[in-house]
Structures are given as C-alpha cells and as structure tokens.
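Data block for structure.pdb (PDB, C-alpha atoms, pLDDT in the B column):
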ATOM      1  CA  LEU N 145     145.329  18.677  58.965  1.00 55.00           C
ATOM      2  CA  ALA N 146     144.989  15.512  56.883  1.00 49.00           C
ATOM      3  CA  GLU N 147     147.443  16.933  54.339  1.00 51.00           C
ATOM      4  CA  LEU N 148     149.973  17.660  57.101  1.00 48.00           C
ATOM      5  CA  LEU N 149     149.779  13.977  58.026  1.00 52.00           C
ATOM      6  CA  GLY N 150     150.270  12.830  54.453  1.00 45.00           C
ATOM      7  CA  ALA N 151     146.682  11.697  53.892  1.00 41.00           C
ATOM      8  CA  PRO N 152     144.629  12.990  50.958  1.00 43.00           C
ATOM      9  CA  HIS N 153     141.378  12.876  52.959  1.00 43.00           C
ATOM     10  CA  PHE N 154     140.601  13.109  56.674  1.00 48.00           C
ATOM     11  CA  GLU N 155     138.740   9.794  56.447  1.00 54.00           C
ATOM     12  CA  ASP N 156     142.048   8.071  55.647  1.00 50.00           C
ATOM     13  CA  LEU N 157     143.341   8.761  59.176  1.00 61.00           C
ATOM     14  CA  GLY N 158     140.926   6.339  60.861  1.00 59.00           C
ATOM     15  CA  GLY N 159     143.562   3.668  61.545  1.00 74.00           C
ATOM     16  CA  LYS N 160     146.212   6.055  62.891  1.00 82.00           C
ATOM     17  CA  GLN N 161     147.629   5.189  66.345  1.00 90.00           C
ATOM     18  CA  ASP N 162     150.373   7.804  66.495  1.00 91.00           C
ATOM     19  CA  VAL N 163     150.020  11.410  65.265  1.00 89.00           C
ATOM     20  CA  SER N 164     152.900  13.877  65.567  1.00 90.00           C
ATOM     21  CA  LEU N 165     152.543  17.524  64.489  1.00 89.00           C
ATOM     22  CA  PRO N 166     154.867  19.636  66.664  1.00 93.00           C
ATOM     23  CA  ASN N 167     155.686  23.218  65.664  1.00 94.00           C
ATOM     24  CA  ARG N 168     153.449  23.277  62.582  1.00 90.00           C
ATOM     25  CA  ASP N 169     151.381  26.411  63.330  1.00 91.00           C
ATOM     26  CA  VAL N 170     148.220  24.356  63.806  1.00 91.00           C
ATOM     27  CA  THR N 171     145.539  26.794  64.998  1.00 93.00           C
ATOM     28  CA  GLY N 172     142.671  24.359  65.507  1.00 91.00           C
ATOM     29  CA  LEU N 173     141.458  20.781  65.232  1.00 91.00           C
ATOM     30  CA  PRO N 174     138.374  19.788  63.212  1.00 88.00           C
ATOM     31  CA  GLU N 175     135.199  19.508  65.291  1.00 91.00           C
ATOM     32  CA  SER N 176     134.958  15.846  64.308  1.00 88.00           C
ATOM     33  CA  PHE N 177     138.591  15.065  65.190  1.00 89.00           C
ATOM     34  CA  GLY N 178     137.925  12.697  68.097  1.00 90.00           C
ATOM     35  CA  GLY N 179     135.481  10.573  66.160  1.00 88.00           C
ATOM     36  CA  ARG N 180     137.710  10.250  63.104  1.00 86.00           C
ATOM     37  CA  VAL N 181     140.809   8.768  64.824  1.00 88.00           C
ATOM     38  CA  PRO N 182     139.305   6.367  67.403  1.00 88.00           C
ATOM     39  CA  LEU N 183     142.428   4.169  67.597  1.00 92.00           C
ATOM     40  CA  LEU N 184     144.810   7.027  68.378  1.00 94.00           C
ATOM     41  CA  ARG N 185     147.171   6.224  71.271  1.00 97.00           C
ATOM     42  CA  LYS N 186     149.834   8.947  71.031  1.00 96.00           C
ATOM     43  CA  LEU N 187     149.215  12.564  70.017  1.00 96.00           C
ATOM     44  CA  ARG N 188     151.930  15.233  69.799  1.00 96.00           C
ATOM     45  CA  LEU N 189     150.750  18.803  69.165  1.00 96.00           C
ATOM     46  CA  SER N 190     153.481  20.724  70.990  1.00 98.00           C
ATOM     47  CA  GLY N 191     154.463  24.228  69.943  1.00 97.00           C
ATOM     48  CA  ASN N 192     151.379  25.140  67.938  1.00 96.00           C
ATOM     49  CA  GLN N 193     148.721  27.863  68.193  1.00 96.00           C
ATOM     50  CA  LEU N 194     145.845  25.888  69.687  1.00 97.00           C
ATOM     51  CA  SER N 195     143.532  27.912  71.931  1.00 97.00           C
ATOM     52  CA  SER N 196     140.955  25.186  72.559  1.00 96.00           C
ATOM     53  CA  LEU N 197     140.119  21.546  71.917  1.00 97.00           C
ATOM     54  CA  PRO N 198     136.991  20.385  70.053  1.00 95.00           C
ATOM     55  CA  ARG N 199     134.167  18.699  71.970  1.00 94.00           C
ATOM     56  CA  SER N 200     134.878  15.443  70.174  1.00 95.00           C
ATOM     57  CA  PHE N 201     138.407  15.353  71.626  1.00 96.00           C
ATOM     58  CA  THR N 202     137.261  13.278  74.579  1.00 97.00           C
ATOM     59  CA  LYS N 203     136.163  10.507  72.202  1.00 95.00           C
ATOM     60  CA  LEU N 204     139.841   9.526  71.913  1.00 96.00           C
ATOM     61  CA  GLN N 205     139.206   6.626  74.275  1.00 95.00           C
ATOM     62  CA  ALA N 206     142.422   4.768  73.311  1.00 96.00           C
ATOM     63  CA  LEU N 207     144.702   7.763  74.001  1.00 98.00           C
ATOM     64  CA  THR N 208     147.558   7.016  76.441  1.00 98.00           C
ATOM     65  CA  GLU N 209     150.068   9.816  75.757  1.00 98.00           C
ATOM     66  CA  LEU N 210     149.296  13.466  74.986  1.00 98.00           C
ATOM     67  CA  TRP N 211     151.683  16.359  74.305  1.00 98.00           C
ATOM     68  CA  LEU N 212     150.042  19.804  74.217  1.00 98.00           C
ATOM     69  CA  GLU N 213     152.748  22.008  75.707  1.00 98.00           C
ATOM     70  CA  ASP N 214     153.536  25.469  74.329  1.00 98.00           C
ATOM     71  CA  ASN N 215     150.120  26.311  72.911  1.00 98.00           C
ATOM     72  CA  ARG N 216     147.498  28.879  73.954  1.00 98.00           C
ATOM     73  CA  ILE N 217     144.936  26.606  75.561  1.00 98.00           C
ATOM     74  CA  ALA N 218     142.907  28.468  78.189  1.00 97.00           C
ATOM     75  CA  ARG N 219     140.412  25.745  79.070  1.00 97.00           C
ATOM     76  CA  LEU N 220     140.052  21.980  78.822  1.00 98.00           C
ATOM     77  CA  PRO N 221     136.755  20.314  77.891  1.00 97.00           C
ATOM     78  CA  GLU N 222     134.534  19.736  80.941  1.00 97.00           C
ATOM     79  CA  ASP N 223     134.524  16.003  80.231  1.00 98.00           C
ATOM     80  CA  PHE N 224     138.312  15.774  79.795  1.00 98.00           C
ATOM     81  CA  GLY N 225     138.287  12.997  82.387  1.00 98.00           C
ATOM     82  CA  CYS N 226     136.714  10.684  79.790  1.00 97.00           C
ATOM     83  CA  LEU N 227     140.259  10.050  78.528  1.00 98.00           C
ATOM     84  CA  ASP N 228     140.531   7.377  81.180  1.00 96.00           C
ATOM     85  CA  ARG N 229     143.426   5.477  79.568  1.00 98.00           C
ATOM     86  CA  LEU N 230     145.690   8.531  79.547  1.00 98.00           C
ATOM     87  CA  ARG N 231     148.992   7.833  81.331  1.00 98.00           C
ATOM     88  CA  PHE N 232     151.184  10.767  80.219  1.00 98.00           C
ATOM     89  CA  LEU N 233     150.077  14.402  79.859  1.00 98.00           C
ATOM     90  CA  GLN N 234     152.149  17.471  78.919  1.00 98.00           C
ATOM     91  CA  LEU N 235     150.345  20.825  79.245  1.00 98.00           C
ATOM     92  CA  GLU N 236     153.117  23.272  80.156  1.00 98.00           C
ATOM     93  CA  GLU N 237     153.211  26.802  78.776  1.00 98.00           C
ATOM     94  CA  ASN N 238     149.540  27.267  78.061  1.00 98.00           C
ATOM     95  CA  GLU N 239     147.008  29.722  79.516  1.00 98.00           C
ATOM     96  CA  LEU N 240     145.038  27.448  81.830  1.00 98.00           C
ATOM     97  CA  THR N 241     143.414  29.145  84.837  1.00 97.00           C
ATOM     98  CA  CYS N 242     141.558  26.078  86.117  1.00 97.00           C
ATOM     99  CA  LEU N 243     141.111  22.357  85.549  1.00 98.00           C
ATOM    100  CA  PRO N 244     137.709  20.693  85.105  1.00 98.00           C
ATOM    101  CA  GLU N 245     136.359  18.655  88.024  1.00 98.00           C
ATOM    102  CA  SER N 246     136.435  15.606  85.743  1.00 98.00           C
ATOM    103  CA  PHE N 247     140.249  15.816  85.752  1.00 98.00           C
ATOM    104  CA  GLY N 248     140.168  13.463  88.723  1.00 98.00           C
ATOM    105  CA  ASP N 249     138.650  10.754  86.527  1.00 98.00           C
ATOM    106  CA  LEU N 250     141.990  10.263  84.763  1.00 98.00           C
ATOM    107  CA  ARG N 251     142.644   7.229  86.971  1.00 97.00           C
ATOM    108  CA  ALA N 252     145.438   5.830  84.740  1.00 98.00           C
ATOM    109  CA  LEU N 253     147.435   9.075  84.759  1.00 98.00           C
ATOM    110  CA  GLU N 254     151.037   8.563  85.935  1.00 98.00           C
ATOM    111  CA  THR N 255     152.819  11.752  84.821  1.00 98.00           C
ATOM    112  CA  VAL N 256     151.397  15.241  84.320  1.00 98.00           C
ATOM    113  CA  ALA N 257     153.209  18.523  83.663  1.00 98.00           C
ATOM    114  CA  LEU N 258     151.316  21.813  84.102  1.00 98.00           C
ATOM    115  CA  ASP N 259     154.219  24.244  84.483  1.00 98.00           C
ATOM    116  CA  CYS N 260     153.900  27.842  83.327  1.00 98.00           C
ATOM    117  CA  ASN N 261     150.135  28.243  83.282  1.00 98.00           C
ATOM    118  CA  ALA N 262     147.945  30.529  85.406  1.00 98.00           C
ATOM    119  CA  LEU N 263     146.284  27.953  87.668  1.00 98.00           C
ATOM    120  CA  ALA N 264     144.895  29.603  90.804  1.00 97.00           C
ATOM    121  CA  CYS N 265     143.457  26.403  92.287  1.00 97.00           C
ATOM    122  CA  LEU N 266     143.156  22.673  91.765  1.00 98.00           C
ATOM    123  CA  PRO N 267     139.910  20.672  91.739  1.00 98.00           C
ATOM    124  CA  GLU N 268     139.067  18.582  94.812  1.00 98.00           C
ATOM    125  CA  SER N 269     138.892  15.587  92.504  1.00 98.00           C
ATOM    126  CA  ILE N 270     142.657  15.658  91.966  1.00 98.00           C
ATOM    127  CA  GLY N 271     142.961  13.367  94.964  1.00 98.00           C
ATOM    128  CA  ASN N 272     141.373  10.601  92.888  1.00 98.00           C
ATOM    129  CA  LEU N 273     144.440  10.252  90.638  1.00 98.00           C
ATOM    130  CA  SER N 274     145.475   7.011  92.297  1.00 96.00           C
ATOM    131  CA  ALA N 275     148.145   6.092  89.686  1.00 98.00           C
ATOM    132  CA  LEU N 276     149.869   9.503  89.694  1.00 98.00           C
ATOM    133  CA  GLN N 277     153.618   9.331  90.332  1.00 98.00           C
ATOM    134  CA  LYS N 278     154.995  12.610  88.997  1.00 98.00           C
ATOM    135  CA  LEU N 279     153.311  16.036  89.138  1.00 98.00           C
ATOM    136  CA  ARG N 280     154.754  19.345  87.936  1.00 98.00           C
ATOM    137  CA  LEU N 281     153.010  22.647  88.746  1.00 98.00           C
ATOM    138  CA  VAL N 282     155.912  25.114  88.559  1.00 98.00           C
ATOM    139  CA  GLN N 283     155.133  28.803  87.984  1.00 98.00           C
ATOM    140  CA  ASN N 284     151.396  28.953  88.449  1.00 98.00           C
ATOM    141  CA  GLU N 285     149.296  31.082  90.827  1.00 98.00           C
ATOM    142  CA  LEU N 286     148.292  28.495  93.425  1.00 98.00           C
ATOM    143  CA  THR N 287     147.510  29.937  96.858  1.00 98.00           C
ATOM    144  CA  GLN N 288     146.499  26.642  98.462  1.00 97.00           C
ATOM    145  CA  LEU N 289     146.158  22.926  97.809  1.00 98.00           C
ATOM    146  CA  PRO N 290     142.885  21.034  98.254  1.00 98.00           C
ATOM    147  CA  THR N 291     142.535  18.859 101.359  1.00 97.00           C
ATOM    148  CA  THR N 292     142.196  15.836  99.078  1.00 98.00           C
ATOM    149  CA  PHE N 293     145.774  16.324  97.894  1.00 98.00           C
ATOM    150  CA  GLY N 294     146.986  13.889 100.537  1.00 98.00           C
ATOM    151  CA  ASN N 295     145.093  11.087  98.800  1.00 98.00           C
ATOM    152  CA  LEU N 296     147.816  10.904  96.132  1.00 98.00           C
ATOM    153  CA  LYS N 297     149.395   7.895  97.839  1.00 97.00           C
ATOM    154  CA  GLY N 298     151.509   6.886  94.828  1.00 98.00           C
ATOM    155  CA  LEU N 299     153.025  10.334  94.189  1.00 98.00           C
ATOM    156  CA  ARG N 300     156.837  10.146  94.131  1.00 98.00           C
ATOM    157  CA  GLU N 301     157.931  13.514  92.685  1.00 98.00           C
ATOM    158  CA  LEU N 302     156.244  16.902  93.178  1.00 99.00           C
ATOM    159  CA  TRP N 303     157.286  20.297  91.784  1.00 98.00           C
ATOM    160  CA  LEU N 304     155.485  23.356  93.195  1.00 98.00           C
ATOM    161  CA  ASN N 305     158.145  26.031  92.694  1.00 98.00           C
ATOM    162  CA  ARG N 306     157.123  29.628  92.031  1.00 98.00           C
ATOM    163  CA  ASN N 307     153.556  29.636  93.264  1.00 98.00           C
ATOM    164  CA  LEU N 308     151.825  31.680  95.997  1.00 98.00           C
ATOM    165  CA  LEU N 309     151.448  28.981  98.652  1.00 98.00           C
ATOM    166  CA  ALA N 310     151.407  30.290 102.238  1.00 97.00           C
ATOM    167  CA  GLY N 311     150.836  26.842 103.751  1.00 97.00           C
ATOM    168  CA  LEU N 312     150.133  23.180 103.094  1.00 98.00           C
ATOM    169  CA  PRO N 313     147.085  21.151 104.183  1.00 98.00           C
ATOM    170  CA  GLU N 314     147.472  18.804 107.140  1.00 97.00           C
ATOM    171  CA  SER N 315     146.696  15.940 104.753  1.00 98.00           C
ATOM    172  CA  PHE N 316     150.007  16.631 103.000  1.00 98.00           C
ATOM    173  CA  GLY N 317     151.721  14.213 105.382  1.00 98.00           C
ATOM    174  CA  SER N 318     149.735  11.358 103.857  1.00 98.00           C
ATOM    175  CA  LEU N 319     151.839  11.423 100.671  1.00 98.00           C
ATOM    176  CA  ALA N 320     153.445   8.178 101.767  1.00 96.00           C
ATOM    177  CA  SER N 321     155.452   7.543  98.567  1.00 98.00           C
ATOM    178  CA  LEU N 322     156.846  11.069  98.094  1.00 98.00           C
ATOM    179  CA  ARG N 323     160.607  11.103  97.489  1.00 98.00           C
ATOM    180  CA  LYS N 324     161.359  14.461  95.862  1.00 98.00           C
ATOM    181  CA  LEU N 325     159.629  17.718  96.835  1.00 98.00           C
ATOM    182  CA  ARG N 326     160.337  21.171  95.417  1.00 98.00           C
ATOM    183  CA  LEU N 327     158.602  24.175  96.984  1.00 98.00           C
ATOM    184  CA  VAL N 328     161.088  26.891  96.026  1.00 98.00           C
ATOM    185  CA  ARG N 329     159.965  30.530  95.908  1.00 98.00           C
ATOM    186  CA  ASN N 330     156.524  30.382  97.498  1.00 98.00           C
ATOM    187  CA  ARG N 331     155.220  32.246 100.566  1.00 98.00           C
ATOM    188  CA  LEU N 332     155.345  29.387 103.058  1.00 98.00           C
ATOM    189  CA  GLN N 333     155.269  30.570 106.667  1.00 97.00           C
ATOM    190  CA  SER N 334     155.032  27.133 108.273  1.00 97.00           C
ATOM    191  CA  LEU N 335     154.856  23.409 107.559  1.00 98.00           C
ATOM    192  CA  PRO N 336     152.106  21.151 108.941  1.00 97.00           C
ATOM    193  CA  LEU N 337     152.844  18.822 111.864  1.00 97.00           C
ATOM    194  CA  SER N 338     152.033  15.918 109.558  1.00 98.00           C
ATOM    195  CA  PHE N 339     155.127  16.765 107.488  1.00 98.00           C
ATOM    196  CA  GLY N 340     157.164  14.322 109.561  1.00 97.00           C
ATOM    197  CA  ARG N 341     155.097  11.439 108.198  1.00 98.00           C
ATOM    198  CA  LEU N 342     156.733  11.743 104.773  1.00 98.00           C
ATOM    199  CA  GLY N 343     158.833   8.702 105.534  1.00 97.00           C
ATOM    200  CA  GLU N 344     160.118   8.136 101.982  1.00 98.00           C
ATOM    201  CA  LEU N 345     161.176  11.772 101.391  1.00 98.00           C
ATOM    202  CA  GLN N 346     164.801  11.978 100.238  1.00 98.00           C
ATOM    203  CA  ALA N 347     165.196  15.444  98.678  1.00 98.00           C
ATOM    204  CA  LEU N 348     163.527  18.662  99.883  1.00 98.00           C
ATOM    205  CA  TYR N 349     163.918  22.143  98.396  1.00 98.00           C
ATOM    206  CA  LEU N 350     162.376  24.979 100.435  1.00 98.00           C
ATOM    207  CA  GLU N 351     164.549  27.964  99.561  1.00 98.00           C
ATOM    208  CA  ASP N 352     163.109  31.456  99.106  1.00 98.00           C
ATOM    209  CA  ASN N 353     160.106  31.135 101.426  1.00 98.00           C
ATOM    210  CA  GLN N 354     159.138  32.834 104.710  1.00 98.00           C
ATOM    211  CA  LEU N 355     159.634  29.950 107.137  1.00 98.00           C
ATOM    212  CA  ALA N 356     160.484  31.067 110.688  1.00 96.00           C
ATOM    213  CA  SER N 357     160.763  27.533 112.087  1.00 96.00           C
ATOM    214  CA  LEU N 358     160.365  23.848 111.299  1.00 97.00           C
ATOM    215  CA  PRO N 359     157.867  21.572 113.069  1.00 96.00           C
ATOM    216  CA  ASP N 360     159.317  19.258 115.735  1.00 95.00           C
ATOM    217  CA  THR N 361     158.156  16.317 113.612  1.00 97.00           C
ATOM    218  CA  PHE N 362     160.704  17.310 110.946  1.00 97.00           C
ATOM    219  CA  VAL N 363     163.287  15.086 112.648  1.00 96.00           C
ATOM    220  CA  GLU N 364     161.154  12.034 111.828  1.00 97.00           C
ATOM    221  CA  LEU N 365     162.119  12.297 108.128  1.00 97.00           C
ATOM    222  CA  ARG N 366     164.509   9.355 108.401  1.00 96.00           C
ATOM    223  CA  SER N 367     165.067   8.948 104.637  1.00 98.00           C
ATOM    224  CA  LEU N 368     165.995  12.603 104.082  1.00 98.00           C
ATOM    225  CA  LYS N 369     169.369  13.047 102.370  1.00 98.00           C
ATOM    226  CA  SER N 370     169.225  16.549 100.898  1.00 98.00           C
ATOM    227  CA  VAL N 371     167.627  19.755 102.272  1.00 98.00           C
ATOM    228  CA  ASN N 372     167.830  23.340 101.053  1.00 98.00           C
ATOM    229  CA  LEU N 373     166.497  26.029 103.431  1.00 98.00           C
ATOM    230  CA  ASP N 374     168.290  29.021 101.909  1.00 98.00           C
ATOM    231  CA  ASN N 375     166.654  32.446 102.188  1.00 98.00           C
ATOM    232  CA  ASN N 376     164.109  31.777 104.907  1.00 98.00           C
ATOM    233  CA  ARG N 377     163.757  33.282 108.403  1.00 96.00           C
ATOM    234  CA  ILE N 378     164.769  30.234 110.413  1.00 96.00           C
ATOM    235  CA  THR N 379     166.957  31.055 113.425  1.00 93.00           C
ATOM    236  CA  ALA N 380     166.898  27.680 115.184  1.00 94.00           C
ATOM    237  CA  LEU N 381     166.459  24.052 114.163  1.00 95.00           C
ATOM    238  CA  PRO N 382     164.445  21.384 116.032  1.00 94.00           C
ATOM    239  CA  ASP N 383     166.168  19.243 118.657  1.00 92.00           C
ATOM    240  CA  SER N 384     167.695  16.071 117.182  1.00 92.00           C
ATOM    241  CA  PHE N 385     167.946  17.708 113.738  1.00 95.00           C
ATOM    242  CA  GLY N 386     171.560  16.560 113.649  1.00 93.00           C
ATOM    243  CA  LYS N 387     170.464  12.916 113.721  1.00 93.00           C
ATOM    244  CA  LEU N 388     168.909  13.126 110.275  1.00 96.00           C
ATOM    245  CA  PRO N 389     170.912  11.142 107.656  1.00 96.00           C
ATOM    246  CA  LEU N 390     171.654  14.276 105.616  1.00 97.00           C
ATOM    247  CA  GLU N 391     174.317  14.267 102.913  1.00 97.00           C
ATOM    248  CA  LYS N 392     173.621  17.808 101.686  1.00 97.00           C
ATOM    249  CA  PHE N 393     172.283  20.743 103.716  1.00 97.00           C
ATOM    250  CA  TRP N 394     171.949  24.437 102.844  1.00 97.00           C
ATOM    251  CA  ALA N 395     170.635  27.141 105.186  1.00 95.00           C
ATOM    252  CA  SER N 396     172.154  30.512 104.304  1.00 91.00           C
ATOM    253  CA  GLY N 397     170.464  33.903 104.125  1.00 76.00           C
TER     254      GLY N 397
END

As structure tokens - that is how I would like this structure written.
Amino acid sequence: LAELLGAPHFEDLGGKQDVSLPNRDVTGLPESFGGRVPLLRKLRLSGNQLSSLPRSFTKLQALTELWLEDNRIARLPEDFGCLDRLRFLQLEENELTCLPESFGDLRALETVALDCNALACLPESIGNLSALQKLRLVQNELTQLPTTFGNLKGLRELWLNRNLLAGLPESFGSLASLRKLRLVRNRLQSLPLSFGRLGELQALYLEDNQLASLPDTFVELRSLKSVNLDNNRITALPDSFGKLPLEKFWASG
C-alpha cells in the first residue's frame, strides 16, 4: 500500500491528509492502518476488492470524507461511529446487510450513499444523525423504517427507490426539512396521516407501488410542485387536491 502511494515505507505516510487509491485492486488494508495515518482527512478507495476494514480504521479521528463504493464490504466495524468528524460517506455497491448501532454517532454526517447493498433494516440510532441532509438507500431490501427516522429534522433529500417498504412510520411526517422524496418501486399500500406535515416537500416520486388512495392530509403539502403516481391503484384523489401548486403531475396506469 505504501508503494502505491509513492512512499518507500508505511511509516512515511504519517503526515498524509489525502489518500486516493481508486480502482487499484486493493484487497485489504494493514491492521495498523488507522494508527499510521492519524491526520488523514480524505480517503478514496472506490472500485477495489475490499471485503472488510481493519479494527484500527476507526482511529482515523480526523477523517471528514470517505469513498468506499464498489467494493465487497459486508460489515462495518462495530465502533464505526467513532469517526465523529465524518461529513461525507460513499458506500454504494457493497454487500452490507446491516449497519452497526454506533452508526448514529456520526453526528457530523451530512451526506451518505448506501445504494445497491442488501440492507434489510436500519439501526434505531439513525435518528441521531442531526446534521444529515442527503440520504440514498436505493436498491436495498428494507421492509420498514425505524420509528426514530422522523428525528432527521435536517434531511432535505431522500432516495428509497427499489426496496420492499409496505408502509412508512407515523413519525415520517416530522421530516420538516424534506424537499425531495423518491419512493419508486416499493410495496407501499398507504401513506401515514402525518404525511401532510411535510411542509417543505417540493418533489415526490411514488410510481410503481400499490397505493389505493392518498390520505386527506395530502392536500396540506403546500410547497409540492411535482408528483408522480404512475402505476398505482388510485381511483380517486382527495378533495381539494386541485388546489395544490403543482407544476408537474403524473398518474397513469
């Protein structure tokens, strides 16, 4: 690894703040990795063959940006939440089936991408991510969201396409900052009454679900400009639906 970074010895990497090794067939990191690069702020390891991270990884206390997409990682260290300065996290196209409970300790996290994994659930602690603004969970195996999900008060963009969600928790309406929501190709049969409290919501994509109706509170979405309801089972819309400030509306199939 040191040779890939142009250093004759691993000890010479101690002052590194930015390490970039995408698409280099890296199969593993040294067990001492975290302790050897304590000043590291940005780490790019996209497109490699990593299946795990060493225990010392969580010693990267200065880390703010981490790219690990397109690897083979099946599990994160249990103390992954120790990376409490992390603001940006890319973990798409791995083999994750769960996240550690400590994930909620990543209080500085603003953007996280977890598309194309095998996540069947999310930890209750995810509601503690108070700085989170953008969350991508496309093409996983989620059947439900934790009740704490509504605690993500700063969340502005949420992608949940291609999961197995049959419903949303009542707390979902507490996502007061949410502006863009994508729930395409799930198994949604209904939306919670609290859905109408999403006062900042501007764009909503609900196509390819099993919705038979919309809650009466839907008409309270006064910021809504774009809605796609294609390929559902809706035969009638709530009263006053026409008063929504929509610029784009789809409801075929």

For Gly225 in chain N: contacts at 7 Å, only C-alpha atoms, fewer than 5 positions along chain excluded, given as a PDB file with C-alpha atoms, keeping the file's coordinate frame:
ATOM      1  CA  SER N 246     136.435  15.606  85.743  1.00 98.00           C
ATOM      2  CA  PHE N 247     140.249  15.816  85.752  1.00 98.00           C
ATOM      3  CA  GLY N 248     140.168  13.463  88.723  1.00 98.00           C
ATOM      4  CA  ASP N 249     138.650  10.754  86.527  1.00 98.00           C
ATOM      5  CA  LEU N 250     141.990  10.263  84.763  1.00 98.00           C
TER       6      LEU N 250
END

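For Phe339 in chain N, the set of protein, DNA and RNA residues having any atom at most 7 Å away, when counting only C-alpha atoms and skipping those fewer than 3 positions along the same chain, is N:Phe316, N:Gly317, N:Leu335, N:Pro336, N:Leu342, N:Thr361, N:Phe362.
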
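Comparing N:Arg306, N:Arg341, N:Arg300, N:Lys160 by their smallest distance to Leu325 in chain N, the closest is N:Arg300 (using only C-alpha atoms).
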
Translate the PyMOL selection byres ((chain N and resi 373) around 10), as applied to the file shown, into an explicit residue set as a PDB file with C-alpha atoms, in the frame of the given file.
ATOM      1  CA  VAL N 328     161.088  26.891  96.026  1.00 98.00           C
ATOM      2  CA  LEU N 348     163.527  18.662  99.883  1.00 98.00           C
ATOM      3  CA  TYR N 349     163.918  22.143  98.396  1.00 98.00           C
ATOM      4  CA  LEU N 350     162.376  24.979 100.435  1.00 98.00           C
ATOM      5  CA  GLU N 351     164.549  27.964  99.561  1.00 98.00           C
ATOM      6  CA  ASP N 352     163.109  31.456  99.106  1.00 98.00           C
ATOM      7  CA  ASN N 353     160.106  31.135 101.426  1.00 98.00           C
ATOM      8  CA  LEU N 355     159.634  29.950 107.137  1.00 98.00           C
ATOM      9  CA  VAL N 371     167.627  19.755 102.272  1.00 98.00           C
ATOM     10  CA  ASN N 372     167.830  23.340 101.053  1.00 98.00           C
ATOM     11  CA  ASP N 374     168.290  29.021 101.909  1.00 98.00           C
ATOM     12  CA  ASN N 375     166.654  32.446 102.188  1.00 98.00           C
ATOM     13  CA  ASN N 376     164.109  31.777 104.907  1.00 98.00           C
ATOM     14  CA  ARG N 377     163.757  33.282 108.403  1.00 96.00           C
ATOM     15  CA  ILE N 378     164.769  30.234 110.413  1.00 96.00           C
ATOM     16  CA  PHE N 393     172.283  20.743 103.716  1.00 97.00           C
ATOM     17  CA  TRP N 394     171.949  24.437 102.844  1.00 97.00           C
ATOM     18  CA  ALA N 395     170.635  27.141 105.186  1.00 95.00           C
ATOM     19  CA  SER N 396     172.154  30.512 104.304  1.00 91.00           C
ATOM     20  CA  GLY N 397     170.464  33.903 104.125  1.00 76.00           C
TER      21      GLY N 397
END

Discussion item. Can you pull out the residues contacting Leu173 in chain N? Cut-off 9 Å, using all atoms listed in the file, and skip same-chain residues under 4 positions away; I want them as a ChimeraX atom specification.
Written reply: /N:145,177,194,196-198,201

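With only C-alpha atoms as the atoms that count, the minimum distance from Lys392 in chain N to the choices N:Arg329, N:Lys186, N:Lys369, N:Lys324 is reached by N:Lys369.
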